[in-house]
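Shown next: final_0.cif, given as mmCIF, C-alpha atoms.
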```cif
data_start
#
loop_
_atom_site.label_atom_id
_atom_site.label_comp_id
_atom_site.auth_asym_id
_atom_site.auth_seq_id
_atom_site.Cartn_x
_atom_site.Cartn_y
_atom_site.Cartn_z
CA MET O 1 69.57 132.88 -90.60
CA SER O 2 69.83 130.90 -87.33
CA HIS O 3 68.79 132.46 -84.02
CA SER O 4 72.37 132.50 -82.75
CA ARG O 5 73.26 135.02 -85.46
CA HIS O 6 70.46 137.40 -84.63
CA ASP O 7 71.41 140.62 -82.88
CA ARG O 8 70.32 140.27 -79.24
CA PHE O 9 71.25 143.90 -78.54
CA ALA O 10 68.90 145.12 -81.26
CA ILE O 11 66.13 143.13 -79.62
CA ALA O 12 67.03 144.51 -76.18
CA ASP O 13 67.06 148.01 -77.70
CA ALA O 14 63.53 147.55 -79.04
CA VAL O 15 62.00 146.66 -75.65
CA GLY O 16 59.29 149.17 -74.90
CA GLY O 17 59.05 150.20 -78.55
CA ALA O 18 58.32 148.70 -81.95
CA VAL O 19 58.86 145.00 -82.60
CA PRO O 20 62.19 144.52 -84.45
CA ALA O 21 62.44 142.49 -87.68
CA PRO O 22 63.91 139.18 -86.42
CA VAL O 23 61.22 138.88 -83.78
CA ALA O 24 58.50 138.29 -86.34
CA SER O 25 60.30 135.44 -88.09
CA CYS O 26 62.30 133.82 -85.28
CA PRO O 27 60.40 132.15 -82.40
CA SER O 28 63.44 132.29 -80.10
CA CYS O 29 63.88 136.02 -80.70
CA GLY O 30 60.15 136.42 -80.15
CA ALA O 31 60.40 134.67 -76.79
CA LEU O 32 63.44 136.77 -75.80
CA PHE O 33 61.63 139.97 -76.72
CA ALA O 34 58.45 138.95 -74.85
CA ASP O 35 60.46 138.03 -71.74
CA MET O 36 62.30 141.34 -71.70
CA GLN O 37 59.03 143.21 -72.19
CA ALA O 38 57.51 141.32 -69.25
CA ILE O 39 60.54 141.99 -67.05
CA ARG O 40 60.47 145.68 -67.92
CA ALA O 41 56.79 145.87 -67.00
CA ALA O 42 57.48 144.03 -63.76
CA ILE O 43 60.31 146.42 -62.86
CA ARG O 44 58.07 149.40 -63.47
CA GLY O 45 55.30 147.95 -61.33
CA ALA O 46 57.46 146.40 -58.62
CA TRP O 47 56.88 147.45 -55.05
CA ALA O 48 59.77 149.08 -53.29
CA PRO O 49 60.86 147.93 -49.85
CA ALA O 50 59.41 150.11 -47.11
CA ARG O 51 61.76 152.80 -45.91
CA PRO O 52 63.19 151.94 -42.50
CA ARG O 53 62.97 155.46 -41.08
CA ALA O 54 61.90 159.03 -41.76
CA PHE O 55 64.40 161.66 -42.89
CA PRO O 56 63.42 165.07 -41.48
CA LEU O 57 66.27 167.27 -40.31
CA THR O 58 66.65 168.21 -36.66
CA PRO O 59 67.54 171.78 -35.64
CA ALA O 60 71.02 170.44 -34.77
CA ASP O 61 71.37 169.03 -38.31
CA ALA O 62 70.28 172.35 -39.74
CA ALA O 63 72.80 174.28 -37.63
CA ARG O 64 75.59 171.90 -38.64
CA LEU O 65 74.68 172.03 -42.33
CA ARG O 66 74.20 175.76 -42.66
CA PRO O 67 77.15 176.71 -44.85
CA ALA O 68 79.84 179.03 -43.53
CA ARG O 69 80.20 182.43 -45.18
CA TRP O 70 83.28 181.42 -47.20
CA ARG O 71 81.46 178.30 -48.44
CA ARG O 72 78.48 180.39 -49.51
CA LEU O 73 80.85 182.69 -51.39
CA LEU O 74 82.55 179.74 -53.07
CA GLY O 75 79.18 178.23 -53.85
CA ALA O 76 78.06 181.49 -55.42
CA ILE O 77 81.20 181.58 -57.57
CA GLY O 78 80.78 177.94 -58.48
CA THR O 79 77.19 178.28 -59.52
CA GLN O 80 77.81 181.44 -61.57
CA ARG O 81 79.44 179.07 -64.00
CA ASP O 82 79.01 180.87 -67.27
CA GLY O 83 77.81 184.21 -66.03
CA ILE O 84 80.56 186.34 -64.57
CA THR O 85 83.46 184.19 -63.47
CA ARG O 86 84.21 182.53 -66.79
CA PRO O 87 84.79 185.80 -68.70
CA ILE O 88 86.78 187.19 -65.78
CA ALA O 89 89.00 184.11 -65.64
CA LEU O 90 89.46 184.09 -69.41
CA ALA O 91 90.29 187.81 -69.52
CA CYS O 92 92.81 187.57 -66.66
CA THR O 93 94.51 184.54 -68.15
CA GLY O 94 94.59 186.06 -71.64
CA LEU O 95 95.95 189.41 -70.49
CA GLY O 96 98.48 187.71 -68.23
CA LEU O 97 99.77 185.53 -71.04
CA ALA O 98 99.90 188.47 -73.43
CA GLY O 99 101.81 190.53 -70.86
CA LEU O 100 104.30 187.74 -70.30
CA VAL O 101 104.85 187.31 -74.02
CA LEU O 102 105.38 191.05 -74.47
CA THR O 103 107.86 191.35 -71.61
CA THR O 104 109.93 188.35 -72.62
CA MET O 105 109.82 188.82 -76.40
CA PRO O 106 113.18 189.80 -77.91
CA VAL O 107 112.96 193.17 -79.65
CA GLY O 108 115.46 194.13 -82.33
CA PRO O 109 116.06 197.47 -84.09
CA ALA O 110 113.48 198.31 -86.71
CA GLY O 111 114.05 196.30 -89.87
CA ALA O 112 116.92 194.39 -88.30
CA THR O 113 115.96 191.07 -89.79
CA SER O 114 115.33 192.42 -93.27
CA ASP O 115 118.42 194.53 -93.32
CA ALA O 116 121.07 192.61 -95.24
CA THR O 117 123.88 194.55 -93.60
CA GLY O 118 122.62 193.52 -90.16
CA GLU O 119 122.86 189.82 -90.88
CA GLY O 120 125.04 187.91 -88.52
CA GLN O 121 125.05 190.68 -85.94
CA PRO O 122 123.84 189.79 -82.46
CA ARG O 123 120.20 190.79 -81.81
CA VAL O 124 119.64 193.57 -79.32
CA PHE O 125 117.44 192.84 -76.32
CA ILE O 126 115.70 195.47 -74.30
CA THR O 127 117.34 195.82 -70.95
CA ARG O 128 116.08 197.91 -68.12
CA GLU O 129 119.35 197.82 -66.26
CA PRO O 130 121.74 200.64 -67.12
CA ALA O 131 125.24 199.56 -67.88
CA TYR O 132 126.76 201.92 -65.31
CA ALA O 133 124.94 200.10 -62.50
CA ASP O 134 127.08 197.06 -63.04
CA THR O 135 129.00 197.05 -59.81
CA ARG O 136 129.25 193.83 -57.84
CA ALA O 137 127.77 195.35 -54.68
CA GLU O 138 124.67 196.84 -56.29
CA ARG O 139 123.86 194.18 -58.89
CA VAL O 140 120.68 192.28 -58.07
CA PRO O 141 119.86 189.01 -59.85
CA GLU O 142 117.20 189.68 -62.53
CA ALA O 143 115.13 186.66 -61.59
CA ALA O 144 114.67 187.90 -58.04
CA VAL O 145 113.02 191.20 -58.97
CA PRO O 146 110.82 190.96 -62.01
CA ASP O 147 109.98 194.25 -63.64
CA PRO O 148 106.53 195.65 -62.82
CA LEU O 149 104.89 194.59 -66.09
CA THR O 150 106.11 191.00 -65.73
CA GLY O 151 104.95 190.94 -62.13
CA PHE O 152 101.57 192.33 -63.09
CA SER O 153 101.24 189.76 -65.90
CA LEU O 154 102.17 186.94 -63.56
CA GLY O 155 99.60 188.24 -61.10
CA LEU O 156 96.89 188.31 -63.75
CA LEU O 157 97.79 184.81 -64.88
CA ALA O 158 97.73 183.51 -61.32
CA GLY O 159 94.43 185.28 -60.67
CA GLY O 160 92.84 183.81 -63.79
CA GLY O 161 94.09 180.36 -62.87
CA ALA O 162 92.76 180.76 -59.34
CA VAL O 163 89.30 181.70 -60.61
CA PHE O 164 89.30 178.67 -62.91
CA ALA O 165 90.35 176.47 -60.00
CA VAL O 166 87.66 177.88 -57.72
CA ARG O 167 85.05 177.33 -60.45
CA ARG O 168 86.07 173.68 -60.53
CA ILE O 169 86.18 172.99 -56.82
CA ALA O 170 83.38 175.28 -55.69
CA PRO O 171 80.55 172.96 -56.79
CA ARG O 172 82.11 170.21 -54.66
CA LEU O 173 82.45 172.48 -51.66
CA GLY O 174 79.37 174.57 -51.84
CA GLY O 175 77.20 173.44 -54.71
CA VAL O 176 75.18 170.46 -55.85
CA ARG O 177 76.61 168.24 -58.52
CA MET J 1 68.01 186.13 -53.00
CA GLU J 2 65.92 185.77 -56.15
CA ASP J 3 62.19 185.14 -55.91
CA LEU J 4 61.78 181.68 -57.38
CA ARG J 5 58.11 182.14 -58.09
CA SER J 6 58.84 185.02 -60.40
CA THR J 7 61.32 183.01 -62.50
CA THR J 8 59.06 180.03 -63.20
CA VAL J 9 55.56 179.34 -64.39
CA PRO J 10 53.98 177.59 -61.44
CA ASP J 11 50.71 176.63 -63.11
CA ASP J 12 51.01 173.20 -61.57
CA PRO J 13 49.75 173.48 -57.98
CA VAL J 14 52.27 170.87 -56.81
CA GLN J 15 55.16 172.86 -58.25
CA ARG J 16 53.76 176.06 -56.83
CA ARG J 17 53.52 174.46 -53.38
CA ASP J 18 57.07 173.11 -53.67
CA LEU J 19 58.48 176.46 -54.72
CA ILE J 20 56.80 178.18 -51.80
CA LEU J 21 58.26 175.60 -49.42
CA ILE J 22 61.72 175.95 -50.97
CA GLU J 23 61.58 179.70 -50.69
CA ARG J 24 60.57 179.52 -47.04
CA ALA J 25 63.33 176.97 -46.40
CA ARG J 26 65.85 179.26 -48.05
CA SER J 27 64.88 182.01 -45.68
CA GLY J 28 65.64 179.72 -42.73
CA ASP J 29 62.35 177.92 -42.10
CA LEU J 30 63.38 174.35 -41.21
CA ASP J 31 59.75 173.20 -40.94
CA ALA J 32 59.20 174.15 -44.58
CA PHE J 33 62.18 172.06 -45.62
CA ASN J 34 60.95 169.15 -43.51
CA ASP J 35 57.55 169.42 -45.21
CA LEU J 36 59.38 168.77 -48.48
CA VAL J 37 61.18 165.85 -46.85
CA MET J 38 57.88 164.31 -45.77
CA LEU J 39 56.37 164.83 -49.21
CA TYR J 40 59.18 163.20 -51.17
CA GLN J 41 60.93 160.77 -48.83
CA ASP J 42 58.91 157.74 -49.99
CA SER J 43 59.44 158.25 -53.72
CA LEU J 44 63.10 159.14 -53.23
CA PHE J 45 63.72 156.12 -51.04
CA ALA J 46 61.99 153.92 -53.64
CA LEU J 47 64.32 155.33 -56.30
CA VAL J 48 67.50 154.93 -54.24
CA VAL J 49 66.71 151.46 -52.91
CA ARG J 50 66.41 150.22 -56.48
CA MET J 51 69.86 151.58 -57.24
CA VAL J 52 71.36 150.49 -53.90
CA PRO J 53 69.49 147.30 -52.99
CA ASP J 54 70.34 147.41 -49.31
CA ARG J 55 67.74 149.15 -47.17
CA ASP J 56 70.12 150.58 -44.60
CA GLN J 57 72.62 151.86 -47.15
CA ALA J 58 69.78 153.26 -49.25
CA ALA J 59 68.37 155.04 -46.19
CA ASP J 60 71.79 156.51 -45.44
CA ALA J 61 72.06 157.70 -49.04
CA VAL J 62 68.65 159.36 -48.90
CA GLN J 63 69.54 161.04 -45.60
CA GLU J 64 72.78 162.32 -47.13
CA ALA J 65 70.84 163.57 -50.13
CA PHE J 66 68.49 165.59 -47.92
CA PHE J 67 71.50 166.97 -46.04
CA SER J 68 73.04 167.96 -49.35
CA ALA J 69 69.79 169.54 -50.53
CA TYR J 70 69.54 171.60 -47.35
CA ARG J 71 73.17 172.68 -47.58
CA ASN J 72 72.66 173.72 -51.19
CA LEU J 73 69.26 175.37 -51.08
CA GLY J 74 70.94 178.47 -52.45
CA SER J 75 71.93 176.69 -55.64
CA PHE J 76 68.36 175.75 -56.57
CA ARG J 77 67.62 177.65 -59.76
CA GLY J 78 63.89 177.12 -60.09
CA GLY J 79 62.05 174.47 -62.08
CA SER J 80 60.87 171.22 -60.62
CA VAL J 81 61.81 170.64 -57.00
CA LYS J 82 61.13 166.93 -57.43
CA SER J 83 63.60 166.69 -60.34
CA TRP J 84 66.18 168.63 -58.31
CA LEU J 85 65.79 166.27 -55.35
CA ASN J 86 65.80 163.23 -57.68
CA ARG J 87 69.10 164.33 -59.15
CA ILE J 88 70.67 164.84 -55.72
CA CYS J 89 69.46 161.40 -54.66
CA VAL J 90 70.84 159.77 -57.82
CA ASN J 91 74.23 161.35 -57.05
CA ALA J 92 74.07 160.15 -53.44
CA ALA J 93 73.15 156.64 -54.59
CA MET J 94 76.05 156.58 -57.05
CA ASP J 95 78.40 157.77 -54.28
CA THR J 96 77.20 154.84 -52.16
CA GLN J 97 77.77 152.44 -55.05
CA ARG J 98 81.31 153.77 -55.47
CA ALA J 99 81.98 153.44 -51.75
CA ARG J 100 80.86 149.80 -51.90
CA LYS J 101 83.26 149.18 -54.76
CA ARG J 102 86.17 150.47 -52.69
CA ARG J 103 85.36 148.05 -49.86
CA PRO J 104 85.56 144.24 -50.12
CA VAL J 105 82.70 143.15 -52.34
CA GLN J 106 79.77 141.58 -50.58
CA PRO J 107 76.50 140.67 -52.24
CA TYR J 108 73.51 142.80 -51.34
CA PRO J 109 71.59 141.14 -48.51
CA GLU J 110 68.19 139.60 -49.18
CA LEU J 111 65.42 142.01 -48.34
CA GLU J 112 63.31 140.68 -45.53
CA ASP J 113 59.76 139.56 -46.28
CA GLU J 114 57.90 142.18 -44.28
CA SER J 115 59.70 145.09 -45.91
CA TRP J 116 57.63 145.37 -49.10
CA GLN J 117 55.52 148.39 -49.51
CA PRO J 118 52.54 148.16 -51.90
CA LYS J 119 51.85 151.28 -53.90
CA ALA J 120 48.82 153.29 -52.83
CA GLY J 121 45.67 151.97 -54.49
CA ASP J 122 47.12 148.57 -55.38
CA GLU J 123 44.88 145.51 -55.26
CA VAL J 124 43.67 144.10 -51.97
CA ASP J 125 43.11 140.49 -53.10
CA PRO J 126 45.48 138.46 -50.88
CA GLU J 127 46.43 136.07 -53.67
CA ARG J 128 47.30 138.86 -56.06
CA ILE J 129 49.19 140.66 -53.32
CA ALA J 130 51.21 137.49 -52.69
CA VAL J 131 52.03 137.15 -56.42
CA HIS J 132 52.94 140.81 -56.69
CA ALA J 133 55.19 140.60 -53.62
CA GLU J 134 56.88 137.49 -55.00
CA ARG J 135 57.38 139.23 -58.34
CA SER J 136 58.83 142.30 -56.64
CA ARG J 137 61.19 140.12 -54.60
CA ALA J 138 62.36 138.24 -57.69
CA ILE J 139 62.94 141.49 -59.57
CA ALA J 140 64.83 143.05 -56.66
CA ALA J 141 67.02 139.95 -56.28
CA ALA J 142 67.83 139.93 -60.00
CA LEU J 143 68.50 143.68 -60.06
CA ALA J 144 70.89 143.25 -57.13
CA ARG J 145 72.94 140.78 -59.17
CA ILE J 146 73.59 142.89 -62.26
CA THR J 147 76.29 145.55 -62.22
CA ASP J 148 75.70 148.88 -60.45
CA ASP J 149 76.04 150.74 -63.73
CA GLN J 150 73.52 148.56 -65.53
CA ARG J 151 71.07 148.73 -62.63
CA THR J 152 71.35 152.51 -62.42
CA ALA J 153 70.75 152.92 -66.15
CA ILE J 154 67.76 150.57 -66.14
CA VAL J 155 66.15 152.17 -63.09
CA LEU J 156 66.60 155.69 -64.46
CA TYR J 157 65.34 154.74 -67.92
CA ASP J 158 62.61 152.19 -67.30
CA VAL J 159 61.32 153.28 -63.90
CA GLU J 160 62.04 157.00 -63.63
CA GLY J 161 61.50 157.75 -67.32
CA TYR J 162 64.67 159.76 -67.99
CA ASP J 163 65.87 159.71 -71.59
CA TYR J 164 69.29 158.51 -72.72
CA GLY J 165 70.71 162.04 -72.84
CA GLU J 166 69.60 162.89 -69.31
CA ILE J 167 71.05 159.64 -67.97
CA ALA J 168 74.32 160.26 -69.79
CA ASP J 169 74.44 163.70 -68.19
CA MET J 170 73.63 162.39 -64.71
CA THR J 171 76.07 159.49 -64.81
CA GLY J 172 78.85 161.23 -66.71
CA VAL J 173 79.17 158.73 -69.55
CA SER J 174 78.42 158.82 -73.26
CA LEU J 175 75.02 158.16 -74.78
CA GLY J 176 76.32 154.95 -76.37
CA THR J 177 77.52 153.70 -72.98
CA VAL J 178 74.10 154.36 -71.44
CA LYS J 179 72.38 152.39 -74.22
CA SER J 180 74.88 149.57 -73.93
CA ARG J 181 74.37 149.37 -70.15
CA ILE J 182 70.60 149.24 -70.56
CA HIS J 183 70.74 146.54 -73.26
CA ARG J 184 73.29 144.40 -71.45
CA GLY J 185 71.35 144.83 -68.21
CA ARG J 186 68.09 143.73 -69.83
CA LEU J 187 69.74 140.65 -71.31
CA SER J 188 71.37 139.82 -67.96
CA LEU J 189 68.07 140.19 -66.12
CA ARG J 190 66.39 137.87 -68.60
CA ASP J 191 69.14 135.27 -68.11
CA LEU J 192 68.87 135.59 -64.32
CA LEU J 193 65.09 135.27 -64.36
CA ALA J 194 64.87 132.62 -67.10
CA ASP J 195 63.71 129.95 -64.66
CA ARG J 196 61.04 132.18 -63.12
CA MET J 197 59.50 133.72 -66.19
CA GLU J 198 56.11 132.10 -65.51
CA LEU J 199 55.84 134.56 -62.61
CA PHE J 200 55.88 137.48 -65.03
CA ARG J 201 53.69 136.11 -67.82
CA GLY J 202 50.01 136.83 -67.78
#
```

Do you think you could lay out the structure here as structure tokens?
Amino acid sequence: MSHSRHDRFAIADAVGGAVPAPVASCPSCGALFADMQAIRAAIRGAWAPARPRAFPLTPADAARLRPARWRRLLGAIGTQRDGITRPIALACTGLGLAGLVLTTMPVGPAGATSDATGEGQPRVFITREPAYADTRAERVPEAAVPDPLTGFSLGLLAGGGAVFAVRRIAPRLGGVR
Amino acid sequence: MEDLRSTTVPDDPVQRRDLILIERARSGDLDAFNDLVMLYQDSLFALVVRMVPDRDQAADAVQEAFFSAYRNLGSFRGGSVKSWLNRICVNAAMDTQRARKRRPVQPYPELEDESWQPKAGDEVDPERIAVHAERSRAIAAALARITDDQRTAIVLYDVEGYDYGEIADMTGVSLGTVKSRIHRGRLSLRDLLADRMELFRG
């Protein structure tokens, strides 16, 4: 096989380790391998440029960098990644979703769907608004005032989402990536 | 605040010293933090200037890294202080690389002759020093011409000794991408240095 068909990446992969097969039989691959070995050794032994200055912090730097209380709190939340906040966020989100499903799920009379005589009849939805309250002056749009369980579920869902969001942004605000 | 010494096994005197300094810094002792700065600024600058081959930008990145370390002393969870600082510096260097990408691309400037810093204990023979300096210059110039991603992967793997998995974790790419960057970078360096290989042989 000619040198041009040898796998240069396999040779590059082997630098620093065992000599790959084509290297033994192909002088060009052997030269490539030896060169990359020499370059790797040179990189490892190369001097670095001298640093142009020292980096100690001044008291003014320290005062400026000392995190505010809210940042420390966010940082603490962000770094408690899998300890407390994750279960809390999961529980809130799960309960909130479950609550929403329960409050919006249509509920029919027991056995309504299996009852042959009930077929074709409109399904009955739970309503918390008594029929006699249906006067134009008193009627309040349903969307404006959610019932307490729906509100509580929405609150849980929002809380869970907020904790997830804080967990994501807290490391950027108060933690080290 | 947790006692870091109780959560680790500081058999290594260097680690024990670092943990004591970190703990004092966490309780507000700026001098203790600055002792850490003095201890690690050379090695951290050497790491960053290989990733960001511009001395001034590398210095700014190291300064930012120390700022970040001070701001986040509370998030240190024990273990090696040097590794923690290394990681912060690698992030700062990658931020600098990204910032360069957003601006109009300019090649890294040539590093001036008097800026090279021999490692402690290196040879004192003037001829060997001259060869070593020339070699270091050639390597730095070639490293500056490969892509930031390739250079970062090569420096972290070949110089700092991180494994593929650690580099993938630090740079946020897959293991295969890290390997590919290292292999392509090595081949590019060899092409760039093909005319000067006599400098590296023997």

Exercise. Restrict the distance test to all atoms listed in the file, flag each residue of chain J within 8 Å of chain O, and return the flagged residues as a ChimeraX atom specification.
Key: /J:30,34,37-38,41-42,45-46,49-50,55-56,59,62-63,66-72,75,88,91,111,115-119,132-133,135-136,139,158-159,179,183-184,186-187,189-190,197,200-201

Show me, as lines of an AutoDock Vina configuration file, the centre and edge lengths in Å to one decimal of the axis-aligned box that covers every listed atom of stretch 150-166 of chain J with 5 Å on each side.
```
center_x = 67.4
center_y = 155.7
center_z = -67.6
size_x = 22.2
size_y = 24.3
size_z = 20.4
```

Quiz item: What does the distance from atom CA of O:Arg86 to atom CA of O:Leu73 come to in Å, to one decimal?
Solution: 15.8 Å

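Minimum atom-to-atom distance to O:Gly94, evaluated using only C-alpha atoms, belongs to O:Leu157 out of O:Thr150, O:Leu74, O:Leu157, O:Ala68.
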
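One finds atom CA of J:Thr96 at 10.0 Å from atom CA of J:Glu64.
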
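Atom CA of O:Trp70 to atom CA of O:Leu156 spans 22.5 Å [interatomic distance, one decimal].
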